[in-house]
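Enquirer: Sharing final-v7.pdb (PDB, C-alpha atoms and all ligand atoms) below.
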MODEL        1
ATOM      1  CA  MET A  75     -11.634 -47.904 -27.301
ATOM      2  CA  PRO A  76      -8.560 -46.654 -29.219
ATOM      3  CA  LEU A  77      -7.130 -43.139 -28.851
ATOM      4  CA  VAL A  78      -9.623 -40.590 -30.167
ATOM      5  CA  THR A  79      -9.442 -37.112 -31.690
ATOM      6  CA  SER A  80     -11.010 -34.147 -29.894
ATOM      7  CA  THR A  81     -13.701 -33.552 -32.539
ATOM      8  CA  GLU A  82     -16.637 -35.176 -30.734
ATOM      9  CA  MET A  83     -15.400 -34.066 -27.296
ATOM     10  CA  PHE A  84     -15.324 -30.424 -28.371
ATOM     11  CA  LYS A  85     -18.751 -30.581 -30.049
ATOM     12  CA  LYS A  86     -20.299 -31.860 -26.827
ATOM     13  CA  ALA A  87     -18.291 -29.492 -24.629
ATOM     14  CA  TYR A  88     -19.282 -26.464 -26.705
ATOM     15  CA  ALA A  89     -22.953 -27.412 -26.630
ATOM     16  CA  GLY A  90     -22.843 -28.302 -22.931
ATOM     17  CA  GLY A  91     -20.943 -25.210 -21.758
ATOM     18  CA  TYR A  92     -18.064 -27.114 -20.205
ATOM     19  CA  ALA A  93     -14.390 -27.724 -21.102
ATOM     20  CA  ILE A  94     -12.042 -30.681 -21.422
ATOM     21  CA  GLY A  95      -8.897 -30.633 -19.292
ATOM     22  CA  ALA A  96      -5.662 -30.907 -21.259
ATOM     23  CA  PHE A  97      -3.049 -32.078 -18.798
ATOM     24  CA  ASN A  98       0.685 -32.162 -19.537
ATOM     25  CA  VAL A  99       2.375 -35.505 -18.986
ATOM     26  CA  ASN A 100       6.043 -36.345 -18.487
ATOM     27  CA  ASN A 101       6.144 -39.628 -16.569
ATOM     28  CA  MET A 102       4.172 -42.669 -15.450
ATOM     29  CA  GLU A 103       2.986 -41.351 -12.081
ATOM     30  CA  THR A 104       1.533 -38.184 -13.591
ATOM     31  CA  ILE A 105      -0.290 -40.147 -16.292
ATOM     32  CA  GLN A 106      -1.673 -42.582 -13.721
ATOM     33  CA  GLY A 107      -2.798 -39.799 -11.375
ATOM     34  CA  ILE A 108      -4.621 -38.007 -14.210
ATOM     35  CA  VAL A 109      -6.367 -41.065 -15.626
ATOM     36  CA  GLU A 110      -7.341 -42.449 -12.211
ATOM     37  CA  ALA A 111      -9.095 -39.124 -11.612
ATOM     38  CA  GLY A 112     -10.631 -39.219 -15.095
ATOM     39  CA  LYS A 113     -11.897 -42.747 -14.500
ATOM     40  CA  GLU A 114     -13.489 -41.925 -11.139
ATOM     41  CA  CYS A 115     -15.166 -38.876 -12.663
ATOM     42  CA  ASN A 116     -16.027 -40.643 -15.956
ATOM     43  CA  SER A 117     -14.477 -37.709 -17.817
ATOM     44  CA  PRO A 118     -12.922 -37.464 -21.284
ATOM     45  CA  LEU A 119      -9.265 -36.419 -21.154
ATOM     46  CA  ILE A 120      -6.584 -34.826 -23.275
ATOM     47  CA  LEU A 121      -3.068 -35.952 -22.378
ATOM     48  CA  GLN A 122      -0.605 -33.543 -23.896
ATOM     49  CA  VAL A 123       3.071 -33.952 -24.528
ATOM     50  CA  SER A 124       5.498 -31.069 -25.037
ATOM     51  CA  ALA A 125       8.806 -31.263 -26.904
ATOM     52  CA  GLY A 126      10.485 -31.088 -23.476
ATOM     53  CA  ALA A 127       8.445 -34.057 -22.270
ATOM     54  CA  ARG A 128       9.331 -36.078 -25.368
ATOM     55  CA  LYS A 129      12.992 -35.304 -24.803
ATOM     56  CA  TYR A 130      12.820 -36.103 -21.073
ATOM     57  CA  ALA A 131      10.889 -39.359 -21.179
ATOM     58  CA  ASN A 132      11.640 -40.641 -24.711
ATOM     59  CA  PRO A 133       8.667 -40.438 -27.115
ATOM     60  CA  VAL A 134       8.289 -44.228 -27.280
ATOM     61  CA  TYR A 135       7.857 -44.546 -23.499
ATOM     62  CA  LEU A 136       5.284 -41.744 -23.360
ATOM     63  CA  LYS A 137       3.308 -43.174 -26.255
ATOM     64  CA  HIS A 138       3.100 -46.611 -24.651
ATOM     65  CA  LEU A 139       2.224 -45.147 -21.240
ATOM     66  CA  ILE A 140      -0.641 -43.216 -22.824
ATOM     67  CA  GLU A 141      -1.785 -46.315 -24.696
ATOM     68  CA  ALA A 142      -1.721 -48.156 -21.357
ATOM     69  CA  ALA A 143      -3.920 -45.402 -19.915
ATOM     70  CA  VAL A 144      -6.448 -45.951 -22.713
ATOM     71  CA  GLU A 145      -6.346 -49.724 -22.273
ATOM     72  CA  THR A 146      -6.773 -49.681 -18.500
ATOM     73  CA  THR A 147      -9.509 -47.024 -18.321
ATOM     74  CA  GLY A 148     -11.516 -47.368 -21.545
ATOM     75  CA  LEU A 149     -11.959 -43.564 -21.428
ATOM     76  CA  PRO A 150     -11.986 -41.376 -24.529
ATOM     77  CA  ILE A 151      -8.415 -40.032 -24.459
ATOM     78  CA  VAL A 152      -6.690 -37.715 -26.952
ATOM     79  CA  MET A 153      -2.906 -37.901 -27.346
ATOM     80  CA  HIS A 154      -1.979 -34.316 -28.185
ATOM     81  CA  LEU A 155       1.298 -32.619 -29.127
ATOM     82  CA  ASP A 156       1.592 -29.433 -27.064
ATOM     83  CA  HIS A 157       3.282 -26.423 -28.709
ATOM     84  CA  GLY A 158       4.573 -28.074 -31.887
ATOM     85  CA  ALA A 159       7.311 -25.664 -32.952
ATOM     86  CA  ASP A 160       7.240 -26.346 -36.699
ATOM     87  CA  PHE A 161       5.957 -28.647 -39.428
ATOM     88  CA  GLU A 162       8.616 -31.277 -38.699
ATOM     89  CA  ALA A 163       7.683 -31.524 -34.989
ATOM     90  CA  CYS A 164       4.018 -31.962 -35.894
ATOM     91  CA  LYS A 165       4.800 -34.476 -38.656
ATOM     92  CA  SER A 166       6.898 -36.548 -36.283
ATOM     93  CA  ALA A 167       4.077 -36.656 -33.701
ATOM     94  CA  ILE A 168       1.480 -37.518 -36.358
ATOM     95  CA  ASP A 169       3.712 -40.293 -37.728
ATOM     96  CA  ASP A 170       4.068 -41.588 -34.144
ATOM     97  CA  GLY A 171       0.306 -41.963 -33.685
ATOM     98  CA  PHE A 172      -0.739 -38.698 -31.984
ATOM     99  CA  THR A 173      -4.415 -37.977 -32.661
ATOM    100  CA  SER A 174      -4.072 -34.214 -32.257
ATOM    101  CA  VAL A 175      -1.265 -31.689 -32.682
ATOM    102  CA  MET A 176      -0.778 -28.037 -31.907
ATOM    103  CA  ILE A 177       1.198 -25.982 -34.393
ATOM    104  CA  ASP A 178       2.410 -22.949 -32.510
ATOM    105  CA  ALA A 179       3.398 -20.479 -35.200
ATOM    106  CA  SER A 180       1.886 -17.531 -33.362
ATOM    107  CA  HIS A 181       5.214 -15.714 -33.055
ATOM    108  CA  HIS A 182       5.453 -15.499 -36.840
ATOM    109  CA  ALA A 183       3.767 -12.794 -38.923
ATOM    110  CA  PHE A 184       0.047 -13.421 -39.571
ATOM    111  CA  SER A 185       0.538 -14.558 -43.194
ATOM    112  CA  GLU A 186       3.405 -16.850 -42.254
ATOM    113  CA  ASN A 187       1.386 -18.331 -39.365
ATOM    114  CA  ILE A 188      -1.341 -19.107 -41.946
ATOM    115  CA  GLU A 189       1.089 -20.777 -44.367
ATOM    116  CA  ILE A 190       2.775 -22.937 -41.698
ATOM    117  CA  THR A 191      -0.542 -23.928 -40.079
ATOM    118  CA  LYS A 192      -2.093 -24.745 -43.466
ATOM    119  CA  LYS A 193       0.749 -27.126 -44.286
ATOM    120  CA  VAL A 194       0.335 -28.938 -40.942
ATOM    121  CA  VAL A 195      -3.457 -29.123 -41.382
ATOM    122  CA  LYS A 196      -3.076 -30.734 -44.817
ATOM    123  CA  TYR A 197      -0.659 -33.370 -43.514
ATOM    124  CA  ALA A 198      -2.740 -34.011 -40.373
ATOM    125  CA  HIS A 199      -6.182 -34.148 -41.989
ATOM    126  CA  ASP A 200      -4.964 -36.589 -44.647
ATOM    127  CA  ARG A 201      -4.171 -38.917 -41.722
ATOM    128  CA  GLY A 202      -7.270 -38.306 -39.574
ATOM    129  CA  VAL A 203      -5.463 -36.083 -37.074
ATOM    130  CA  VAL A 204      -6.828 -32.745 -35.797
ATOM    131  CA  VAL A 205      -4.915 -29.475 -35.462
ATOM    132  CA  GLU A 206      -4.915 -26.708 -32.849
ATOM    133  CA  ALA A 207      -3.400 -23.412 -33.993
ATOM    134  CA  GLU A 208      -2.679 -20.173 -32.143
ATOM    135  CA  LEU A 209      -3.284 -16.477 -32.729
ATOM    136  CA  GLY A 210      -1.826 -13.951 -30.306
ATOM    137  CA  GLN A 211       1.014 -14.606 -27.866
ATOM    138  CA  LEU A 212       0.993 -15.559 -24.197
ATOM    139  CA  ALA A 213       3.635 -14.439 -21.743
ATOM    140  CA  GLY A 214       5.618 -16.980 -19.715
ATOM    141  CA  ILE A 215       7.889 -19.960 -20.220
ATOM    142  CA  GLU A 216       7.411 -22.767 -22.739
ATOM    143  CA  ASP A 217      10.340 -25.099 -23.181
ATOM    144  CA  ALA A 218      13.361 -22.820 -23.509
ATOM    145  CA  VAL A 219      11.367 -19.844 -24.806
ATOM    146  CA  ASN A 220      10.574 -17.120 -22.297
ATOM    147  CA  VAL A 221       8.099 -14.566 -23.619
ATOM    148  CA  LYS A 222       8.247 -11.407 -21.501
ATOM    149  CA  ALA A 223       4.938  -9.877 -20.434
ATOM    150  CA  GLU A 224       5.625  -6.784 -22.559
ATOM    151  CA  ASP A 225       6.151  -8.956 -25.664
ATOM    152  CA  ALA A 226       2.903 -10.864 -25.209
ATOM    153  CA  CYS A 227      -0.059  -9.720 -27.290
ATOM    154  CA  PHE A 228      -3.757 -10.321 -27.166
ATOM    155  CA  THR A 229      -5.567 -12.031 -30.039
ATOM    156  CA  HIS A 230      -7.233  -9.616 -32.486
ATOM    157  CA  PRO A 231     -10.810 -10.780 -33.072
ATOM    158  CA  ASP A 232     -10.633  -9.199 -36.550
ATOM    159  CA  GLU A 233      -8.149 -11.867 -37.623
ATOM    160  CA  VAL A 234      -9.849 -15.055 -36.454
ATOM    161  CA  CYS A 235     -12.270 -15.655 -39.360
ATOM    162  CA  GLU A 236      -9.638 -15.212 -42.074
ATOM    163  CA  PHE A 237      -7.186 -17.366 -40.090
ATOM    164  CA  THR A 238      -9.510 -20.307 -39.470
ATOM    165  CA  GLU A 239     -10.962 -20.210 -43.001
ATOM    166  CA  LYS A 240      -7.571 -20.091 -44.711
ATOM    167  CA  THR A 241      -5.874 -22.693 -42.495
ATOM    168  CA  GLY A 242      -8.720 -25.158 -41.889
ATOM    169  CA  CYS A 243      -7.523 -25.642 -38.283
ATOM    170  CA  ASP A 244      -9.879 -27.507 -35.918
ATOM    171  CA  SER A 245      -9.441 -25.383 -32.778
ATOM    172  CA  LEU A 246      -7.823 -22.074 -31.930
ATOM    173  CA  ALA A 247      -5.737 -21.042 -28.924
ATOM    174  CA  ILE A 248      -6.173 -17.365 -28.121
ATOM    175  CA  ALA A 249      -4.360 -14.921 -25.842
ATOM    176  CA  ILE A 250      -6.641 -13.128 -23.382
ATOM    177  CA  GLY A 251      -4.252 -12.566 -20.483
ATOM    178  CA  THR A 252      -3.392 -16.045 -19.238
ATOM    179  CA  SER A 253       0.309 -16.952 -19.219
ATOM    180  CA  HIS A 254       2.513 -20.004 -18.877
ATOM    181  CA  GLY A 255       4.250 -21.046 -15.672
ATOM    182  CA  ALA A 256       3.653 -20.639 -11.937
ATOM    183  CA  TYR A 257       4.058 -16.838 -11.799
ATOM    184  CA  LYS A 258       1.227 -15.243 -13.698
ATOM    185  CA  PHE A 259       0.327 -12.196 -11.640
ATOM    186  CA  LYS A 260       2.410 -10.458  -9.004
ATOM    187  CA  PRO A 261       1.217 -10.475  -5.378
ATOM    188  CA  GLY A 262      -1.218  -7.609  -4.958
ATOM    189  CA  GLN A 263      -1.971  -7.544  -8.683
ATOM    190  CA  LYS A 264      -5.615  -8.210  -9.530
ATOM    191  CA  PRO A 265      -5.869 -11.077 -12.046
ATOM    192  CA  GLN A 266      -7.730  -9.962 -15.136
ATOM    193  CA  LEU A 267      -8.641 -11.718 -18.348
ATOM    194  CA  ARG A 268      -9.989 -10.109 -21.522
ATOM    195  CA  PHE A 269     -13.398 -11.794 -21.581
ATOM    196  CA  ASP A 270     -14.489  -9.142 -24.077
ATOM    197  CA  ILE A 271     -12.024 -10.643 -26.586
ATOM    198  CA  LEU A 272     -13.248 -14.173 -25.867
ATOM    199  CA  GLU A 273     -16.841 -13.068 -26.316
ATOM    200  CA  GLU A 274     -16.078 -11.325 -29.604
ATOM    201  CA  VAL A 275     -14.123 -14.339 -30.909
ATOM    202  CA  GLY A 276     -17.077 -16.549 -29.934
ATOM    203  CA  LYS A 277     -19.432 -14.299 -31.943
ATOM    204  CA  ARG A 278     -17.179 -14.325 -34.998
ATOM    205  CA  LEU A 279     -16.683 -18.106 -34.891
ATOM    206  CA  PRO A 280     -19.955 -19.604 -33.676
ATOM    207  CA  GLY A 281     -19.540 -23.225 -32.558
ATOM    208  CA  PHE A 282     -15.765 -23.160 -33.037
ATOM    209  CA  PRO A 283     -13.694 -24.602 -30.142
ATOM    210  CA  ILE A 284     -11.373 -22.143 -28.420
ATOM    211  CA  VAL A 285      -8.366 -23.197 -26.332
ATOM    212  CA  LEU A 286      -6.958 -21.560 -23.223
ATOM    213  CA  HIS A 287      -3.272 -22.094 -22.500
ATOM    214  CA  GLY A 288      -1.542 -21.026 -19.310
ATOM    215  CA  ALA A 289      -4.623 -21.808 -17.231
ATOM    216  CA  SER A 290      -3.117 -23.086 -13.975
ATOM    217  CA  SER A 291      -4.464 -21.524 -10.808
ATOM    218  CA  VAL A 292      -1.319 -22.166  -8.720
ATOM    219  CA  PRO A 293      -3.011 -23.403  -5.515
ATOM    220  CA  GLN A 294      -1.731 -21.314  -2.631
ATOM    221  CA  ASP A 295      -2.117 -24.123  -0.108
ATOM    222  CA  ARG A 296       0.356 -26.281  -2.076
ATOM    223  CA  VAL A 297       2.785 -23.385  -2.535
ATOM    224  CA  ALA A 298       2.594 -22.866   1.252
ATOM    225  CA  ILE A 299       3.447 -26.560   1.832
ATOM    226  CA  ILE A 300       6.408 -26.314  -0.553
ATOM    227  CA  ASN A 301       7.730 -23.280   1.312
ATOM    228  CA  GLN A 302       6.951 -24.735   4.746
ATOM    229  CA  TYR A 303       9.175 -27.703   3.944
ATOM    230  CA  GLY A 304      12.224 -25.915   2.630
ATOM    231  CA  GLY A 305      11.090 -24.717  -0.793
ATOM    232  CA  LYS A 306      11.572 -21.185  -2.051
ATOM    233  CA  MET A 307       8.691 -20.472  -4.412
ATOM    234  CA  PRO A 308       7.946 -16.750  -4.648
ATOM    235  CA  ASP A 309       4.370 -15.744  -3.876
ATOM    236  CA  ALA A 310       2.460 -16.156  -7.073
ATOM    237  CA  ILE A 311      -1.083 -15.778  -8.221
ATOM    238  CA  GLY A 312      -2.545 -17.979 -10.956
ATOM    239  CA  ILE A 313      -5.802 -17.774 -12.885
ATOM    240  CA  PRO A 314      -8.724 -17.718 -10.440
ATOM    241  CA  GLU A 315     -10.847 -20.824 -10.916
ATOM    242  CA  GLU A 316     -13.970 -18.687 -11.146
ATOM    243  CA  MET A 317     -12.557 -17.215 -14.373
ATOM    244  CA  LEU A 318     -11.889 -20.678 -15.779
ATOM    245  CA  ARG A 319     -15.489 -21.708 -15.026
ATOM    246  CA  LYS A 320     -16.676 -18.638 -16.899
ATOM    247  CA  ALA A 321     -14.379 -19.361 -19.873
ATOM    248  CA  ALA A 322     -15.604 -22.984 -19.975
ATOM    249  CA  SER A 323     -19.207 -21.792 -20.117
ATOM    250  CA  MET A 324     -18.293 -19.641 -23.148
ATOM    251  CA  ALA A 325     -16.464 -20.820 -26.311
ATOM    252  CA  VAL A 326     -13.483 -22.371 -24.485
ATOM    253  CA  CYS A 327     -13.536 -26.163 -24.928
ATOM    254  CA  LYS A 328      -9.939 -27.033 -23.916
ATOM    255  CA  ILE A 329      -8.152 -25.757 -20.813
ATOM    256  CA  ASN A 330      -4.413 -26.453 -20.486
ATOM    257  CA  ILE A 331      -2.997 -27.288 -17.079
ATOM    258  CA  ASP A 332       0.608 -28.158 -16.339
ATOM    259  CA  SER A 333       2.011 -25.937 -13.563
ATOM    260  CA  ASP A 334      -0.706 -26.962 -11.071
ATOM    261  CA  LEU A 335       0.333 -30.606 -11.453
ATOM    262  CA  ARG A 336       3.988 -29.688 -10.926
ATOM    263  CA  VAL A 337       3.166 -27.725  -7.789
ATOM    264  CA  ALA A 338       0.983 -30.550  -6.443
ATOM    265  CA  CYS A 339       3.736 -33.156  -7.069
ATOM    266  CA  THR A 340       6.451 -31.068  -5.482
ATOM    267  CA  ALA A 341       4.368 -30.220  -2.406
ATOM    268  CA  ALA A 342       3.576 -33.918  -1.883
ATOM    269  CA  ILE A 343       7.208 -34.993  -2.216
ATOM    270  CA  ARG A 344       8.543 -32.247   0.064
ATOM    271  CA  LYS A 345       5.909 -33.112   2.682
ATOM    272  CA  HIS A 346       6.728 -36.801   2.350
ATOM    273  CA  PHE A 347      10.405 -36.278   3.081
ATOM    274  CA  ALA A 348       9.694 -33.868   5.932
ATOM    275  CA  GLU A 349       7.487 -36.493   7.569
ATOM    276  CA  HIS A 350       9.618 -39.522   6.626
ATOM    277  CA  PRO A 351      13.258 -38.463   6.475
ATOM    278  CA  ASP A 352      14.286 -42.129   6.579
ATOM    279  CA  HIS A 353      12.498 -43.076   3.332
ATOM    280  CA  PHE A 354      14.510 -43.860   0.242
ATOM    281  CA  ASP A 355      12.164 -46.082  -1.798
ATOM    282  CA  PRO A 356      10.923 -43.948  -4.747
ATOM    283  CA  ARG A 357       7.597 -45.798  -4.699
ATOM    284  CA  GLN A 358       6.838 -44.182  -1.353
ATOM    285  CA  TYR A 359       7.309 -40.542  -2.349
ATOM    286  CA  LEU A 360       6.308 -40.950  -5.999
ATOM    287  CA  GLY A 361       3.175 -42.722  -4.764
ATOM    288  CA  ASP A 362       2.314 -39.590  -2.800
ATOM    289  CA  ALA A 363       3.014 -37.454  -5.880
ATOM    290  CA  ARG A 364       0.670 -39.636  -7.943
ATOM    291  CA  ALA A 365      -2.081 -39.322  -5.318
ATOM    292  CA  ALA A 366      -1.614 -35.529  -5.274
ATOM    293  CA  VAL A 367      -1.983 -35.331  -9.063
ATOM    294  CA  LYS A 368      -5.129 -37.440  -8.861
ATOM    295  CA  GLU A 369      -6.623 -35.190  -6.189
ATOM    296  CA  ILE A 370      -5.993 -31.960  -8.082
ATOM    297  CA  VAL A 371      -7.228 -33.356 -11.406
ATOM    298  CA  LYS A 372     -10.415 -34.616  -9.735
ATOM    299  CA  HIS A 373     -10.960 -31.164  -8.304
ATOM    300  CA  LYS A 374     -10.433 -29.548 -11.721
ATOM    301  CA  ILE A 375     -12.806 -31.945 -13.482
ATOM    302  CA  THR A 376     -15.606 -31.726 -10.933
ATOM    303  CA  ASP A 377     -15.347 -28.155  -9.627
ATOM    304  CA  VAL A 378     -13.867 -26.178 -12.510
ATOM    305  CA  LEU A 379     -14.128 -27.775 -15.974
ATOM    306  CA  GLY A 380     -17.516 -29.450 -15.623
ATOM    307  CA  SER A 381     -16.511 -32.558 -17.638
ATOM    308  CA  CYS A 382     -17.642 -35.092 -15.017
ATOM    309  CA  ASP A 383     -19.780 -37.913 -16.502
ATOM    310  CA  LYS A 384     -19.200 -36.694 -20.066
ATOM    311  CA  ALA A 385     -17.029 -39.642 -21.209
TER     312      ALA A 385
HETATM  313  O1  LIG B 401       3.205 -24.698 -22.161
HETATM  314  C1  LIG B 401       4.126 -25.396 -21.785
HETATM  315  C2  LIG B 401       3.908 -26.556 -20.910
HETATM  316  O2  LIG B 401       3.742 -26.163 -19.573
HETATM  317  C3  LIG B 401       4.990 -27.566 -21.085
HETATM  318  O3  LIG B 401       6.133 -27.212 -20.391
HETATM  319  O4  LIG B 401       7.811 -27.321 -22.215
HETATM  320  O5  LIG B 401       8.520 -27.356 -19.800
HETATM  321  O6  LIG B 401       7.376 -29.336 -20.837
HETATM  322  P1  LIG B 401       7.567 -27.843 -20.839
HETATM  323  P1  LIG B 402       0.264 -23.601 -17.116
HETATM  324  O1  LIG B 402       1.716 -23.273 -17.043
HETATM  325  O2  LIG B 402      -0.584 -22.458 -16.672
HETATM  326  O3  LIG B 402      -0.097 -24.860 -16.442
HETATM  327  O4  LIG B 402      -0.096 -23.793 -18.698
HETATM  328  C1  LIG B 402       0.162 -25.000 -19.334
HETATM  329  C2  LIG B 402      -0.005 -24.910 -20.813
HETATM  330  O5  LIG B 402      -0.533 -23.981 -21.367
HETATM  331  C3  LIG B 402       0.500 -26.037 -21.594
HETATM  332  O6  LIG B 402       0.401 -25.802 -22.968
HETATM  333 ZN    ZN B 403       0.657 -23.769 -23.526
ENDMDL
END
Step by step, read the file and then write its structure as C-alpha cells.
Ligand code: G3H
Ligand code: 13P
Ligand code: ZN
Expert:
Amino acid sequence: MPLVTSTEMFKKAYAGGYAIGAFNVNNMETIQGIVEAGKECNSPLILQVSAGARKYANPVYLKHLIEAAVETTGLPIVMHLDHGADFEACKSAIDDGFTSVMIDASHHAFSENIEITKKVVKYAHDRGVVVEAELGQLAGIEDAVNVKAEDACFTHPDEVCEFTEKTGCDSLAIAIGTSHGAYKFKPGQKPQLRFDILEEVGKRLPGFPIVLHGASSVPQDRVAIINQYGGKMPDAIGIPEEMLRKAASMAVCKINIDSDLRVACTAAIRKHFAEHPDHFDPRQYLGDARAAVKEIVKHKITDVLGSCDKA
C-alpha cells in the first residue's frame, strides 16, 4: 500500500469515536518504534514532520525512512507536514510527496488566515493532498516560536463555519487549552480543557474532523527516571489521558504527540548509561530509546486513542 491521505482514516475515526495518533518523527529509531507499535496494534498512523525535523534530518532521509515504514508494515500511513509556516513550506512538502500538510496561519488575522489557507488548499487539492488548518492559538514552543500563555487564545466557535467553507480545508486544529512542549500546567494547577468549545465546534461542523495539538501527557514516571539519573526536568503536568479519551470520543480525529516520545527516549537513554556506564555503541542506547518509543506508542494506541485494529 502506498502512502495514504487521512480522508478515509478520519471518516472512520469520526464515526467510531476514536482518534488517530499523529506522532512527530525526527530519526530512524523514532520512526521504527512508532511503526512497530502500529503494526502490533494493527493501527493506522500519521507520521508528522516539522520544519525543525526536516532541517535536522534532511527531508530526503525522512521521506525515505517513512516510505520504508510503509513498505515494511503495509499499514495505512499518512506523511504529514506539521506546522507549515507559509505557502512555500507547504508547497515544498507537497512537491516532495507528502500526502497531508498543515498550514499554520493562525497567528494572522482571520481574513488573512483564510486567504493563506485557501491558496494552500487549492495547490494541495489539485495534487490529491489534504490540508489541516488552524483557528485559535496554542501556548508553548513550536520550532523557534514561543507563544506565551497570555498570548494564546481559544478558538471562537462562531468563526469555524465561515473559515472551513471559505478555505475548503479538510480538518481543523482548534485551541481548547492544550499547549506545546513538556510544561503545560504548573505543579498544583488543575489541568482544564474547554470541552464546551469542542462540543460547540462539533455541533457547528457535524462530521468534520477536529485536530488536537499539544496533546502529550508528560508521563511522570519517565520524568522521574530522567531526574533520578542526573536530569533536571522541572515538575510538569501534561494533558490527562482521560481528557484525551473524551476528546477522541467527540469530534477530535487526530491527536498530536511529540513531547511524550522525547521524554520516553531521554529516560531510556539516561537509564541505559546509568546501568551501563561502559557502553559506547549507539545501537545499545538507541535500541533502548526505540523500544521506549514503541512502548509508549502502543500504550497511546490501545489505552488512549482507541485506534487498535482499525488499519
Ligand atoms: O508542535 C511542534 C512539534 O512538537 C515539533 O517540534 O518544531 O521542535 O520539531 P519541533
Ligand atoms: P506536544 O508537545 O504536546 O507533544 O504536542 C505536539 C504537537 O502538537 C505537534 O504538532
Ligand atoms: Zn502542534
Enquirer: Could you tell me, counting all atoms listed in the file, which protein and nucleic acid residues lie no more than 6 Å from ligand LIG 402 (chain B), written as JSON, numbers by chain?
Expert: {"A": [156, 254, 255, 287, 288, 289, 290, 330, 331, 332, 333, 334]}
Enquirer: Can you find the residues with an atom no farther than 6 Å from (-6.5, -32.2, -15.1), counting all atoms listed in the file, and report them as a PyMOL selection string?
Expert: chain A and resi 95+97+371+374
Enquirer: If we draw a sphere of 12 Å around (11.4, -42.3, -6.8), which residues have at least one atom in it when counting all atoms listed in the file? Please report them as a VMD selection string.
Expert: chain A and resid 101 to 103 339 343 346 to 347 353 to 364
Enquirer: Keeping only C-alpha atoms, write the selected residues as a CSV table (one decimal), keeping the file's coordinate frame.
Expert:
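Once written, selection_1.csv looks like this:
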chain,number,residue,atom,x,y,z
A,101,ASN,CA,6.1,-39.6,-16.6
A,102,MET,CA,4.2,-42.7,-15.4
A,103,GLU,CA,3.0,-41.4,-12.1
A,339,CYS,CA,3.7,-33.2,-7.1
A,343,ILE,CA,7.2,-35.0,-2.2
A,346,HIS,CA,6.7,-36.8,2.4
A,347,PHE,CA,10.4,-36.3,3.1
A,353,HIS,CA,12.5,-43.1,3.3
A,354,PHE,CA,14.5,-43.9,0.2
A,355,ASP,CA,12.2,-46.1,-1.8
A,356,PRO,CA,10.9,-43.9,-4.7
A,357,ARG,CA,7.6,-45.8,-4.7
A,358,GLN,CA,6.8,-44.2,-1.4
A,359,TYR,CA,7.3,-40.5,-2.3
A,360,LEU,CA,6.3,-41.0,-6.0
A,361,GLY,CA,3.2,-42.7,-4.8
A,362,ASP,CA,2.3,-39.6,-2.8
A,363,ALA,CA,3.0,-37.5,-5.9
A,364,ARG,CA,0.7,-39.6,-7.9
Enquirer: Kindly provide, as an MDAnalysis selection string, all nucleotide and amino acid residues lying within 12 Å of ligand LIG 401 (chain B), counting only C-alpha atoms and all ligand atoms.
Expert: chainID A and resid 96:101 121:131 155:159 176 178 211:221 247 252:256 286:290 329:337
Enquirer: State, in Å with one decimal place, the distance from CA of His350 (chain A) to CA of His373 (chain A).
Expert: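 Atom-to-atom, CA of His350 (chain A) and CA of His373 (chain A) are spaced 26.8 Å apart.
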Enquirer: Find, counting all atoms listed in the file, the residue in A:Glu208, A:Glu316, A:Glu273, A:Asp383 that gets nearest to ligand ZN 403 (chain B).
Expert: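 Going through A:Glu208, A:Glu316, A:Glu273, A:Asp383 one by one, the smallest distance to ligand ZN 403 (chain B) is for A:Glu208.
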Enquirer: Record the distance separating CA of Leu149 (chain A) and CA of Asn116 (chain A), expressed in Å with one decimal.
Expert: 7.4 Å
Enquirer: Find the spatial neighbours of Val109 (chain A), counting only C-alpha atoms, within a cut-off of 8 Å - ignore same-chain residues fewer than 4 positions away - and output them as a VMD selection string.
Expert: chain A and resid 105 113 119 143 147 368
Enquirer: For region 284-295 of chain A, take all atoms listed in the file, fit an axis-aligned box around them, add 5 Å to each of the six sides, then output centre and edge lengths in Å rounded to one decimal, as AutoDock Vina command-line options.
Expert:
--center_x -6.3 --center_y -22.6 --center_z -14.3 --size_x 20.1 --size_y 13.1 --size_z 38.3
Enquirer: Extract, using all atoms listed in the file, all DNA, RNA and protein residues at most 8 Å from region 87-90 of chain A, discarding same-chain residues fewer than 2 positions from it, and format them as a PyMOL selection string.
Expert: chain A and resi 83-85+92-94+281-283+323-327+381
Enquirer: Just to confirm, what's the straight-line distance from CA of Cys243 (chain A) to CA of Ala163 (chain A) in Å (one decimal)?
Expert: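 Separating CA of Cys243 (chain A) from CA of Ala163 (chain A) is a distance of 16.6 Å.
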Enquirer: Evaluate the PyMOL selection byres (((chain A and resi 191) around 10) and not hetatm) on the structure here and hand back the selected residues as a list of chain:residue names.
Expert: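 So the PyMOL selection byres (((chain A and resi 191) around 10) and not hetatm), applied here, picks out A:Asp160, A:Phe161, A:Met176, A:Ile177, A:Asp178, A:Ala179, A:Ser180, A:Ser185, A:Glu186, A:Asn187, A:Ile188, A:Glu189, A:Ile190, A:Lys192, A:Lys193, A:Val194, A:Val195, A:Lys196, A:Val205, A:Glu206, A:Ala207, A:Glu208, A:Phe237, A:Thr238, A:Lys240, A:Thr241, A:Gly242, A:Cys243.
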Enquirer: A:Ala341, A:Ala249, A:Cys164, A:Ala365: which is nearest ligand ZN 403 (chain B), counting all atoms listed in the file?
Expert: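 Of A:Ala341, A:Ala249, A:Cys164, A:Ala365, the one nearest ligand ZN 403 (chain B), counting all atoms listed in the file, is A:Ala249.
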Enquirer: May I ask which of the residues A:Arg319, A:Asp352, A:Arg344, A:Ala298 is the closest one to Val378 (chain A), counting all atoms listed in the file?
Expert: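 So, comparing all the options, the nearest one is A:Arg319.
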Enquirer: For the structure shown, which residues end up in the PyMOL selection byres (((chain A and resi 265) around 8) and not hetatm)? Put them as a list in words, please?
Expert: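 This file gives the following for the PyMOL selection byres (((chain A and resi 265) around 8) and not hetatm): Phe259, Gln263, Lys264, Gln266, Leu267, Ile311, Gly312, Ile313 and Pro314 of chain A.
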Enquirer: Pick from A:Val285, A:Ile271, A:Ala342, A:Ala310: nearest to ligand ZN 403 (chain B), with all atoms listed in the file counted?
Expert: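 Checking each of A:Val285, A:Ile271, A:Ala342, A:Ala310 against ligand ZN 403 (chain B), counting all atoms listed in the file, the winner is A:Val285.
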Enquirer: Please determine, counting all atoms listed in the file, which residue among A:Lys384, A:Lys372, A:Lys258, A:Arg268 has the shortest atom-to-atom distance to Lys320 (chain A).
Expert: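 Closest candidate: A:Arg268.
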